[in-house]
file coords.txt (compact mmCIF, C-alpha atoms and all ligand atoms)
# COMPACT_ATOMS: atom_id res chain seq x y z
CA MET A 1 -36.13 25.86 1.53
CA PRO A 2 -37.82 22.47 1.85
CA VAL A 3 -39.33 21.40 -1.43
CA HIS A 4 -42.88 22.68 -1.74
CA LEU A 5 -45.32 19.78 -1.69
CA PRO A 6 -48.95 19.92 -2.83
CA PRO A 7 -51.33 18.74 -0.04
CA ASP A 8 -51.98 15.27 -1.53
CA GLU A 9 -48.28 14.58 -1.95
CA LEU A 10 -47.57 15.82 1.58
CA ALA A 11 -50.33 13.59 2.92
CA ALA A 12 -48.72 10.55 1.28
CA PHE A 13 -45.44 11.32 3.07
CA ARG A 14 -47.30 11.80 6.35
CA ARG A 15 -49.13 8.47 5.98
CA GLY A 16 -45.84 6.69 5.34
CA GLU A 17 -46.82 5.77 1.78
CA ALA A 18 -44.00 7.92 0.38
CA PRO A 19 -40.52 7.79 2.02
CA ALA A 20 -40.36 10.76 4.41
CA PRO A 21 -36.55 10.49 4.77
CA MET A 22 -36.34 11.42 1.08
CA LEU A 23 -37.36 14.94 2.07
CA ASP A 24 -34.45 15.14 4.51
CA LEU A 25 -32.15 13.83 1.79
CA ILE A 26 -33.32 16.66 -0.44
CA GLY A 27 -32.67 19.11 2.41
CA LEU A 28 -29.15 17.74 2.79
CA MET A 29 -28.52 18.19 -0.92
CA ALA A 30 -30.02 21.68 -0.86
CA CYS A 31 -27.78 22.69 2.02
CA HIS A 32 -24.65 21.72 0.08
CA ALA A 33 -25.98 23.34 -3.10
CA ILE A 34 -26.67 26.64 -1.30
CA LEU A 35 -23.18 26.72 0.19
CA ALA A 36 -21.62 25.97 -3.21
CA ALA A 37 -23.71 28.70 -4.83
CA ARG A 38 -22.60 31.18 -2.19
CA THR A 39 -18.96 30.23 -2.66
CA LEU A 40 -19.36 30.84 -6.39
CA GLY A 41 -21.16 34.14 -5.86
CA VAL A 42 -24.32 32.97 -7.64
CA PHE A 43 -26.81 34.75 -5.37
CA ASP A 44 -24.89 38.04 -5.32
CA ALA A 45 -24.60 37.97 -9.12
CA LEU A 46 -28.35 37.38 -9.46
CA ALA A 47 -29.05 40.15 -6.94
CA ALA A 48 -27.76 42.64 -9.54
CA ARG A 49 -30.12 41.43 -12.28
CA PRO A 50 -31.66 38.24 -13.70
CA LEU A 51 -29.17 36.34 -15.87
CA THR A 52 -29.17 33.45 -18.30
CA ALA A 53 -27.18 30.38 -17.29
CA ASP A 54 -24.42 31.38 -19.72
CA GLU A 55 -24.27 34.95 -18.40
CA LEU A 56 -24.20 33.62 -14.84
CA ALA A 57 -21.42 31.19 -15.73
CA ALA A 58 -19.38 34.03 -17.24
CA SER A 59 -20.05 36.31 -14.28
CA THR A 60 -19.10 33.70 -11.65
CA GLY A 61 -16.32 31.99 -13.61
CA ALA A 62 -18.16 28.66 -13.36
CA ASP A 63 -18.50 25.87 -15.90
CA ALA A 64 -21.83 26.31 -17.70
CA ALA A 65 -22.84 22.63 -17.55
CA GLY A 66 -21.95 22.28 -13.86
CA LEU A 67 -23.72 25.51 -13.02
CA GLU A 68 -26.86 24.38 -14.82
CA GLN A 69 -26.95 21.29 -12.56
CA LEU A 70 -26.49 23.42 -9.47
CA LEU A 71 -29.23 25.80 -10.58
CA GLY A 72 -31.51 22.81 -11.07
CA VAL A 73 -31.30 21.95 -7.36
CA LEU A 74 -31.66 25.58 -6.29
CA ARG A 75 -34.71 25.96 -8.49
CA ALA A 76 -36.33 22.74 -7.28
CA THR A 77 -35.87 23.82 -3.67
CA GLY A 78 -37.13 27.36 -4.16
CA TYR A 79 -33.92 29.43 -4.03
CA VAL A 80 -33.91 30.62 -7.65
CA GLU A 81 -36.61 30.91 -10.26
CA ARG A 82 -36.39 30.94 -14.07
CA GLN A 83 -38.43 33.14 -16.36
CA ASP A 84 -37.89 33.53 -20.09
CA GLY A 85 -34.58 31.71 -19.78
CA ARG A 86 -33.25 34.04 -17.08
CA TYR A 87 -32.56 33.05 -13.48
CA ALA A 88 -33.44 35.33 -10.56
CA ASN A 89 -33.23 35.05 -6.79
CA THR A 90 -36.49 34.23 -5.02
CA PRO A 91 -37.61 36.40 -2.06
CA PRO A 92 -36.16 33.98 0.57
CA THR A 93 -32.77 34.16 -1.18
CA SER A 94 -32.78 37.96 -1.34
CA ALA A 95 -33.80 38.11 2.31
CA TRP A 96 -31.36 35.55 3.73
CA LEU A 97 -28.60 34.45 1.37
CA CYS A 98 -27.04 37.47 -0.31
CA THR A 99 -24.02 39.25 1.11
CA ASP A 100 -26.14 42.33 1.70
CA SER A 101 -29.17 40.46 3.10
CA PRO A 102 -30.29 41.86 6.47
CA VAL A 103 -29.18 38.56 8.07
CA ASP A 104 -26.57 36.43 6.33
CA TYR A 105 -28.08 32.99 6.98
CA GLY A 106 -25.59 31.41 4.59
CA ARG A 107 -22.83 31.94 7.15
CA ILE A 108 -25.01 30.30 9.80
CA LEU A 109 -25.66 27.39 7.44
CA GLY A 110 -21.92 27.03 6.78
CA LEU A 111 -21.20 26.91 10.51
CA TRP A 112 -23.88 24.29 11.14
CA GLN A 113 -22.81 22.22 8.15
CA ALA A 114 -19.30 22.05 9.62
CA ILE A 115 -20.62 21.26 13.11
CA VAL A 116 -22.87 18.46 11.90
CA THR A 117 -20.32 17.02 9.49
CA GLU A 118 -17.35 17.18 11.83
CA ARG A 119 -18.81 17.06 15.36
CA TRP A 120 -21.87 14.81 15.11
CA THR A 121 -19.67 11.86 14.25
CA GLY A 122 -20.03 9.08 16.80
CA LEU A 123 -23.58 10.17 17.70
CA ALA A 124 -24.96 6.62 17.88
CA ASP A 125 -22.11 5.43 20.13
CA ALA A 126 -22.52 8.52 22.32
CA VAL A 127 -26.26 7.93 22.72
CA ARG A 128 -25.71 4.20 23.36
CA SER A 129 -23.08 4.79 26.02
CA GLY A 130 -24.38 8.07 27.42
CA THR A 131 -20.99 9.66 26.81
CA PRO A 132 -21.14 12.76 24.58
CA GLY A 133 -18.29 13.43 22.16
CA GLY A 134 -17.58 16.88 23.70
CA GLY A 135 -14.69 19.11 22.72
CA PHE A 136 -16.74 21.80 20.96
CA TYR A 137 -14.84 24.88 22.11
CA THR A 138 -11.41 23.23 21.62
CA TRP A 139 -12.45 22.32 18.07
CA LEU A 140 -13.83 25.81 17.48
CA ALA A 141 -10.65 27.47 18.73
CA GLY A 142 -8.69 25.54 16.08
CA ARG A 143 -10.98 26.79 13.28
CA PRO A 144 -10.60 30.60 13.07
CA ASP A 145 -13.10 30.97 10.21
CA LEU A 146 -15.80 29.02 12.02
CA SER A 147 -14.93 30.61 15.35
CA ALA A 148 -15.46 34.05 13.81
CA ALA A 149 -18.80 32.90 12.37
CA PHE A 150 -19.88 31.45 15.74
CA HIS A 151 -18.97 34.55 17.76
CA ASP A 152 -20.42 36.90 15.11
CA LEU A 153 -23.64 34.89 15.32
CA GLN A 154 -23.77 35.38 19.11
CA ARG A 155 -22.94 39.06 18.65
CA GLY A 156 -25.64 39.55 15.99
CA LEU A 157 -28.28 37.91 18.18
CA ALA A 158 -27.16 40.05 21.13
CA GLU A 159 -27.32 43.25 19.08
CA TRP A 160 -30.87 42.32 18.08
CA LEU A 161 -32.05 41.40 21.60
CA SER A 162 -30.05 43.65 23.93
CA GLU A 163 -32.37 46.66 23.77
CA GLU A 164 -35.35 44.53 24.85
CA VAL A 165 -33.32 42.71 27.50
CA VAL A 166 -32.11 45.98 29.05
CA ALA A 167 -35.69 47.27 29.07
CA THR A 168 -36.95 44.03 30.65
CA VAL A 169 -34.42 43.78 33.50
CA THR A 170 -34.54 46.29 36.37
CA LEU A 171 -31.12 46.55 37.99
CA PRO A 172 -30.75 47.29 41.71
CA GLU A 173 -30.82 51.04 42.38
CA GLY A 174 -27.40 52.67 41.89
CA SER A 175 -25.73 49.52 40.48
CA GLY A 176 -22.02 50.13 39.90
CA SER A 177 -20.66 46.67 39.05
CA LEU A 178 -21.74 43.96 36.61
CA LEU A 179 -20.13 40.59 35.97
CA ASP A 180 -20.94 38.93 32.61
CA LEU A 181 -20.01 35.23 32.85
CA GLY A 182 -19.40 33.73 29.40
CA GLY A 183 -20.19 37.19 28.01
CA GLY A 184 -17.91 36.79 24.94
CA HIS A 185 -18.51 39.84 22.74
CA GLY A 186 -19.78 41.93 25.69
CA VAL A 187 -22.74 43.34 23.75
CA TYR A 188 -25.24 42.72 26.57
CA SER A 189 -23.01 44.16 29.31
CA GLY A 190 -22.14 47.11 27.04
CA ALA A 191 -25.86 47.82 26.56
CA PHE A 192 -26.48 47.71 30.32
CA CYS A 193 -23.53 50.06 30.91
CA ARG A 194 -24.84 52.54 28.35
CA ALA A 195 -28.30 52.47 29.94
CA HIS A 196 -26.90 52.85 33.47
CA PRO A 197 -24.15 55.50 33.54
CA GLY A 198 -21.57 54.71 36.22
CA LEU A 199 -21.98 50.93 35.76
CA GLN A 200 -18.67 49.10 35.13
CA GLY A 201 -18.70 45.64 33.56
CA THR A 202 -16.33 42.68 33.70
CA VAL A 203 -16.68 39.94 31.09
CA VAL A 204 -15.15 36.57 32.00
CA ASP A 205 -14.95 34.13 29.09
CA GLY A 206 -12.68 31.33 27.93
CA ALA A 207 -12.39 32.68 24.39
CA VAL A 208 -11.51 36.36 24.79
CA THR A 209 -8.42 38.54 24.60
CA GLU A 210 -7.93 40.43 27.84
CA ARG A 211 -8.54 44.15 27.34
CA THR A 212 -10.42 47.20 28.59
CA ASP A 213 -12.71 49.32 26.45
CA GLY A 214 -14.62 52.13 28.17
CA PRO A 215 -16.64 50.71 31.08
CA LEU A 216 -15.96 47.08 30.05
CA THR A 217 -13.01 44.85 30.95
CA TRP A 218 -12.56 41.38 29.44
CA ARG A 219 -10.82 38.65 31.46
CA ALA A 220 -9.95 35.21 30.12
CA GLY A 221 -10.86 32.33 32.38
CA ASP A 222 -12.71 29.06 32.78
CA LEU A 223 -16.10 29.68 34.34
CA LEU A 224 -15.94 26.56 36.52
CA THR A 225 -12.49 27.18 37.97
CA ALA A 226 -11.39 30.83 37.53
CA ASP A 227 -11.27 33.20 40.49
CA LEU A 228 -14.34 35.37 40.04
CA PRO A 229 -14.59 38.91 41.43
CA GLY A 230 -17.07 39.19 44.32
CA GLY A 231 -19.31 41.92 45.72
CA GLN A 232 -21.11 42.43 42.39
CA ASP A 233 -24.37 44.35 42.07
CA VAL A 234 -25.31 42.30 38.99
CA THR A 235 -24.06 38.99 37.57
CA MET A 236 -25.24 37.66 34.22
CA LEU A 237 -25.34 34.13 32.80
CA PHE A 238 -26.57 34.64 29.25
CA ASN A 239 -26.82 31.59 26.98
CA VAL A 240 -24.17 29.86 29.02
CA LEU A 241 -25.89 27.23 31.19
CA HIS A 242 -26.92 25.20 28.13
CA GLY A 243 -23.25 24.53 27.43
CA PHE A 244 -22.93 22.49 30.63
CA GLY A 245 -24.44 19.27 31.93
CA ALA A 246 -26.88 19.55 34.83
CA ALA A 247 -24.29 19.10 37.62
CA ASP A 248 -21.85 21.66 36.21
CA ALA A 249 -24.66 24.08 35.29
CA ALA A 250 -26.00 23.93 38.87
CA ALA A 251 -22.47 24.47 40.20
CA LEU A 252 -22.05 27.44 37.85
CA VAL A 253 -25.30 28.97 39.11
CA ALA A 254 -23.98 28.61 42.67
CA ARG A 255 -20.64 30.18 41.66
CA ALA A 256 -22.47 33.06 39.97
CA ALA A 257 -24.66 33.59 43.05
CA GLY A 258 -21.49 33.64 45.15
CA THR A 259 -20.18 36.67 43.23
CA LEU A 260 -23.12 38.88 44.34
CA ARG A 261 -23.34 41.28 47.24
CA ALA A 262 -26.37 40.89 49.52
CA GLY A 263 -29.41 41.98 47.51
CA GLY A 264 -27.47 41.74 44.21
CA LEU A 265 -29.19 40.48 41.08
CA LEU A 266 -28.44 37.34 39.10
CA VAL A 267 -29.80 37.57 35.54
CA VAL A 268 -30.11 34.43 33.41
CA MET A 269 -31.00 34.18 29.73
CA GLU A 270 -31.60 30.83 28.06
CA SER A 271 -33.16 29.25 25.00
CA LEU A 272 -36.34 27.41 25.93
CA PRO A 273 -36.38 23.63 25.31
CA GLU A 274 -40.01 23.86 24.25
CA PRO A 275 -40.32 27.26 22.59
CA PRO A 276 -43.83 28.63 22.19
CA GLY A 277 -43.08 29.58 18.58
CA ASN A 278 -43.82 27.81 15.32
CA ALA A 279 -42.98 24.28 14.21
CA ALA A 280 -39.64 25.37 12.73
CA ASP A 281 -38.52 26.86 16.07
CA VAL A 282 -39.53 23.68 17.88
CA ALA A 283 -37.68 21.43 15.42
CA PHE A 284 -34.57 23.61 15.46
CA GLY A 285 -34.65 23.69 19.27
CA ALA A 286 -34.60 19.88 19.38
CA GLY A 287 -31.58 19.77 17.04
CA PHE A 288 -29.85 22.53 18.97
CA SER A 289 -30.30 20.67 22.25
CA LEU A 290 -28.99 17.42 20.76
CA ASN A 291 -26.00 19.34 19.42
CA LEU A 292 -25.35 20.86 22.86
CA TRP A 293 -25.52 17.43 24.45
CA HIS A 294 -23.22 15.68 22.00
CA THR A 295 -20.66 18.42 21.37
CA GLN A 296 -20.54 20.07 24.82
CA GLY A 297 -22.20 17.68 27.27
CA GLY A 298 -24.87 20.37 27.72
CA ALA A 299 -28.58 20.64 26.94
CA LEU A 300 -31.44 23.10 26.87
CA HIS A 301 -32.28 22.73 30.56
CA PRO A 302 -35.94 22.92 31.65
CA PRO A 303 -36.70 26.46 32.89
CA GLU A 304 -38.09 25.11 36.18
CA THR A 305 -34.86 23.20 36.81
CA ILE A 306 -32.86 26.39 36.44
CA ARG A 307 -35.17 28.12 38.92
CA GLU A 308 -34.54 25.24 41.38
CA TRP A 309 -30.77 25.68 40.97
CA LEU A 310 -31.17 29.37 41.77
CA LYS A 311 -33.15 28.57 44.91
CA GLU A 312 -30.56 25.97 45.97
CA ALA A 313 -27.95 28.73 45.53
CA GLY A 314 -29.91 30.83 48.03
CA CYS A 315 -31.43 33.25 45.51
CA ALA A 316 -35.09 34.23 45.11
CA PRO A 317 -35.97 33.82 41.43
CA GLY A 318 -38.80 35.64 39.69
CA PRO A 319 -40.73 34.21 36.72
CA TRP A 320 -39.22 33.56 33.30
CA LYS A 321 -40.06 36.28 30.80
CA GLU A 322 -40.13 35.37 27.12
CA LEU A 323 -38.62 37.95 24.81
CA ALA A 324 -41.03 39.41 22.27
CA ARG A 325 -38.31 39.60 19.62
CA SER A 326 -37.39 35.94 20.06
CA PRO A 327 -39.98 33.92 21.98
CA SER A 328 -37.57 30.99 22.09
CA HIS A 329 -35.38 33.07 24.47
CA ALA A 330 -36.38 33.99 28.00
CA VAL A 331 -34.79 35.91 30.87
CA LEU A 332 -35.16 35.48 34.59
CA THR A 333 -33.84 37.54 37.49
CA ALA A 334 -33.06 36.26 40.97
CA THR A 335 -32.13 38.28 44.04
CA ALA A 336 -29.32 37.20 46.35
CA PRO A 337 -30.24 37.07 50.06
C1 LIG B 1 -23.31 30.68 23.49
S1 LIG B 1 -22.05 31.79 23.87
C2 LIG B 1 -22.95 33.09 24.68
C3 LIG B 1 -22.23 34.42 24.61
C4 LIG B 1 -23.02 35.57 25.26
N1 LIG B 1 -23.19 35.36 26.68
C5 LIG B 1 -24.35 35.74 24.58
O1 LIG B 1 -25.37 35.48 25.21
O2 LIG B 1 -24.38 36.15 23.43
C6 LIG B 1 -21.26 30.96 25.22
C7 LIG B 1 -20.01 31.69 25.68
O3 LIG B 1 -19.50 31.03 26.84
C8 LIG B 1 -18.11 30.86 26.69
N2 LIG B 1 -17.76 29.62 27.42
C9 LIG B 1 -18.27 28.39 27.22
N3 LIG B 1 -17.76 27.52 28.10
C10 LIG B 1 -16.90 28.23 28.87
C11 LIG B 1 -16.07 27.88 29.97
N4 LIG B 1 -16.01 26.62 30.46
N5 LIG B 1 -15.31 28.86 30.52
C12 LIG B 1 -15.34 30.12 30.03
N6 LIG B 1 -16.12 30.50 29.01
C13 LIG B 1 -16.89 29.56 28.44
C14 LIG B 1 -17.87 30.77 25.20
O4 LIG B 1 -16.55 31.16 24.86
C15 LIG B 1 -18.91 31.72 24.64
O5 LIG B 1 -18.42 33.03 24.51

call {"tool": "encode", "arguments": {"input": "coords.txt", "output": "structure tokens"}}
result
Amino acid sequence: MPVHLPPDELAAFRRGEAPAPMLDLIGLMACHAILAARTLGVFDALAARPLTADELAASTGADAAGLEQLLGVLRATGYVERQDGRYANTPPTSAWLCTDSPVDYGRILGLWQAIVTERWTGLADAVRSGTPGGGFYTWLAGRPDLSAAFHDLQRGLAEWLSEEVVATVTLPEGSGSLLDLGGGHGVYSGAFCRAHPGLQGTVVDGAVTERTDGPLTWRAGDLLTADLPGGQDVTMLFNVLHGFGAADAAALVARAAGTLRAGGLLVVMESLPEPPGNAADVAFGAGFSLNLWHTQGGALHPPETIREWLKEAGCAPGPWKELARSPSHAVLTATAP
């Protein structure tokens, strides 16, 4: 958690009298400290009960002097507190950083640390030349631990949002076929199939093992070049367009539209480049978009641009609908002629 600053100190940073980058340096240090603490099992040990530094060292098998230094950073940045010589997790740590926290943000942090450390190299050259580094999915495929974290993250978000998405999107009457382009885990298509008995789904994705499970079939393929099944009642592009530059994203929209029967429904979900949420969502969105650009040649495309691509593909798009559970995500439906 960013170091808590009293208003007068914060004002000095804002006025440029204190070095604002120092706060980012502290954040960088905190990120590494959190990941080290998780590796050592510090937060899980403190979840059981408050411990002295010596007890914590014995419980985690860490060197007492080293651990005391680590605890110093975690305490200064609000992840642990000390009372009567005993350390305890703070509420943000219990909520987000223990193995049994409702959301394991430590895994997300570990994934992003690896992405930024390993894939944001060459950023200045890329921005100067206009040539992103690219190669994200090839890199990810070679890192099974990070790949599992990435796909679990997509799955977790989908499990959280799918109920609302299914309730928000009205499928054409009697829909029997659904194509989920870049559907990965298949959570969204699975939720639609459960809500619409008789609906059969096909997931096409570059990072899946081909298989069939109930109403869902997974096919491996590149979205820009694979043969895609036609005559679909519904085709979905969920969190996929942002992985492509504008030209390829527009081409993918046209390909997706081409899979629909007359009157079929194209459903798009995307992260908004300017989310209506709080300052943290806005700042994360900017970093996310930069990451998409540099590591995949993509971007968070403006919602109006995506609507134009849908029109160019011959579809009639409706308005974007923000999701109540995550206002930085929105869905849009478009009907094929
Ligand atoms: C951000 S994830 C979204 C997954 C899922 N649609 C969701 O919303 O949770 C993007 C997915 O697109 C797949 N993907 C990205 N580029 C692809 C390509 N060129 N061909 C096939 N699949 C691709 C990835 O493997 C990944 O599963």

call {"tool": "residues_near_ligand", "arguments": {"input": "coords.txt", "ligand": "ligand LIG 1 (chain B)", "cutoff": "8 Å", "atoms": "only C-alpha atoms and all ligand atoms", "output": "PyMOL selection string"}}
result
chain A and resi 137+151+154-155+157-158+180-188+204-208+220-224+237-240+243-244+269

call {"tool": "residues_around", "arguments": {"input": "coords.txt", "residues": "region 93-102 of chain A", "least_positions_apart": "5", "cutoff": "10 Å", "atoms": "all atoms listed in the file", "output": "PDB file with C-alpha atoms, keeping the file's coordinate frame"}}
result
ATOM      1  CA  MET A   1     -36.130  25.860   1.530  1.00  0.00           C
ATOM      2  CA  ILE A  34     -26.670  26.640  -1.300  1.00  0.00           C
ATOM      3  CA  LEU A  35     -23.180  26.720   0.190  1.00  0.00           C
ATOM      4  CA  ALA A  37     -23.710  28.700  -4.830  1.00  0.00           C
ATOM      5  CA  ARG A  38     -22.600  31.180  -2.190  1.00  0.00           C
ATOM      6  CA  GLY A  41     -21.160  34.140  -5.860  1.00  0.00           C
ATOM      7  CA  VAL A  42     -24.320  32.970  -7.640  1.00  0.00           C
ATOM      8  CA  PHE A  43     -26.810  34.750  -5.370  1.00  0.00           C
ATOM      9  CA  ASP A  44     -24.890  38.040  -5.320  1.00  0.00           C
ATOM     10  CA  ALA A  45     -24.600  37.970  -9.120  1.00  0.00           C
ATOM     11  CA  LEU A  46     -28.350  37.380  -9.460  1.00  0.00           C
ATOM     12  CA  ALA A  47     -29.050  40.150  -6.940  1.00  0.00           C
ATOM     13  CA  GLY A  78     -37.130  27.360  -4.160  1.00  0.00           C
ATOM     14  CA  TYR A  79     -33.920  29.430  -4.030  1.00  0.00           C
ATOM     15  CA  VAL A  80     -33.910  30.620  -7.650  1.00  0.00           C
ATOM     16  CA  ALA A  88     -33.440  35.330 -10.560  1.00  0.00           C
ATOM     17  CA  ARG A 107     -22.830  31.940   7.150  1.00  0.00           C
ATOM     18  CA  LEU A 109     -25.660  27.390   7.440  1.00  0.00           C
TER      19      LEU A 109
END

call {"tool": "atom_distance", "arguments": {"input": "coords.txt", "atom1": "CA of Gly258 (chain A)", "atom2": "CA of Val203 (chain A)"}}
result
16.1 Å

call {"tool": "closest_residue", "arguments": {"input": "coords.txt", "among": "A:Leu323, A:Ala124, A:Leu25, A:Ala316", "to": "Gly277 (chain A)", "atoms": "all atoms listed in the file"}}
result
A:Leu323

call {"tool": "closest_residue", "arguments": {"input": "coords.txt", "among": "A:Thr202, A:Leu51, A:Pro229, A:Asp152", "to": "Arg82 (chain A)", "atoms": "all atoms listed in the file"}}
result
A:Leu51

call {"tool": "residues_around", "arguments": {"input": "coords.txt", "residues": "Glu322 (chain A)", "least_positions_apart": "4", "cutoff": "9 Å", "atoms": "only C-alpha atoms", "output": "ChimeraX atom specification"}}
result
/A:272,326-332

call {"tool": "closest_residue", "arguments": {"input": "coords.txt", "among": "A:Ala246, A:Asp8, A:Leu140, A:Thr333", "to": "Leu266 (chain A)", "atoms": "only C-alpha atoms"}}
result
A:Thr333

call {"tool": "residues_around", "arguments": {"input": "coords.txt", "residues": "Glu312 (chain A)", "least_positions_apart": "5", "cutoff": "9 Å", "atoms": "all atoms listed in the file", "output": "ChimeraX atom specification"}}
result
/A:250,254,307

call {"tool": "atom_distance", "arguments": {"input": "coords.txt", "atom1": "CA of Val169 (chain A)", "atom2": "CA of Ala226 (chain A)"}}
result
26.7 Å

call {"tool": "build_atoms", "arguments": {"input": "coords.txt", "residues": "region 112-130 of chain A", "atoms": "N, CA and C atoms", "output": "short mmCIF file (atom, residue, chain, number, x, y, z; two decimals), in the frame of the given file"}}
result
data_model
loop_
_atom_site.label_atom_id
_atom_site.label_comp_id
_atom_site.auth_asym_id
_atom_site.auth_seq_id
_atom_site.Cartn_x
_atom_site.Cartn_y
_atom_site.Cartn_z
N TRP A 112 -23.17 25.51 10.73
CA TRP A 112 -23.88 24.29 11.14
C TRP A 112 -23.48 23.10 10.28
N GLN A 113 -23.23 23.34 9.00
CA GLN A 113 -22.81 22.22 8.15
C GLN A 113 -21.50 21.63 8.69
N ALA A 114 -20.58 22.53 9.08
CA ALA A 114 -19.30 22.05 9.62
C ALA A 114 -19.51 21.34 10.95
N ILE A 115 -20.38 21.90 11.80
CA ILE A 115 -20.62 21.26 13.11
C ILE A 115 -21.18 19.85 12.92
N VAL A 116 -22.21 19.77 12.07
CA VAL A 116 -22.87 18.46 11.90
C VAL A 116 -21.93 17.46 11.23
N THR A 117 -21.20 17.94 10.21
CA THR A 117 -20.32 17.02 9.49
C THR A 117 -19.14 16.56 10.36
N GLU A 118 -18.59 17.50 11.11
CA GLU A 118 -17.35 17.18 11.83
C GLU A 118 -17.56 16.79 13.29
N ARG A 119 -18.66 17.28 13.92
CA ARG A 119 -18.81 17.06 15.36
C ARG A 119 -19.94 16.09 15.72
N TRP A 120 -20.81 15.77 14.77
CA TRP A 120 -21.87 14.81 15.11
C TRP A 120 -21.42 13.38 14.79
N THR A 121 -20.18 13.21 14.44
CA THR A 121 -19.67 11.86 14.25
C THR A 121 -19.74 11.14 15.60
N GLY A 122 -19.99 9.84 15.55
CA GLY A 122 -20.03 9.08 16.80
C GLY A 122 -21.31 9.28 17.59
N LEU A 123 -22.34 9.87 16.96
CA LEU A 123 -23.58 10.17 17.70
C LEU A 123 -24.22 8.89 18.25
N ALA A 124 -24.29 7.85 17.42
CA ALA A 124 -24.96 6.62 17.88
C ALA A 124 -24.22 6.02 19.07
N ASP A 125 -22.88 5.98 19.00
CA ASP A 125 -22.11 5.43 20.13
C ASP A 125 -22.31 6.28 21.38
N ALA A 126 -22.36 7.62 21.17
CA ALA A 126 -22.52 8.52 22.32
C ALA A 126 -23.87 8.28 22.98
N VAL A 127 -24.92 8.15 22.16
CA VAL A 127 -26.26 7.93 22.72
C VAL A 127 -26.32 6.56 23.40
N ARG A 128 -25.68 5.55 22.77
CA ARG A 128 -25.71 4.20 23.36
C ARG A 128 -25.04 4.20 24.73
N SER A 129 -23.88 4.86 24.79
CA SER A 129 -23.08 4.79 26.02
C SER A 129 -23.42 5.89 27.02
N GLY A 130 -24.10 6.93 26.53
CA GLY A 130 -24.38 8.07 27.42
C GLY A 130 -23.18 8.97 27.60
#
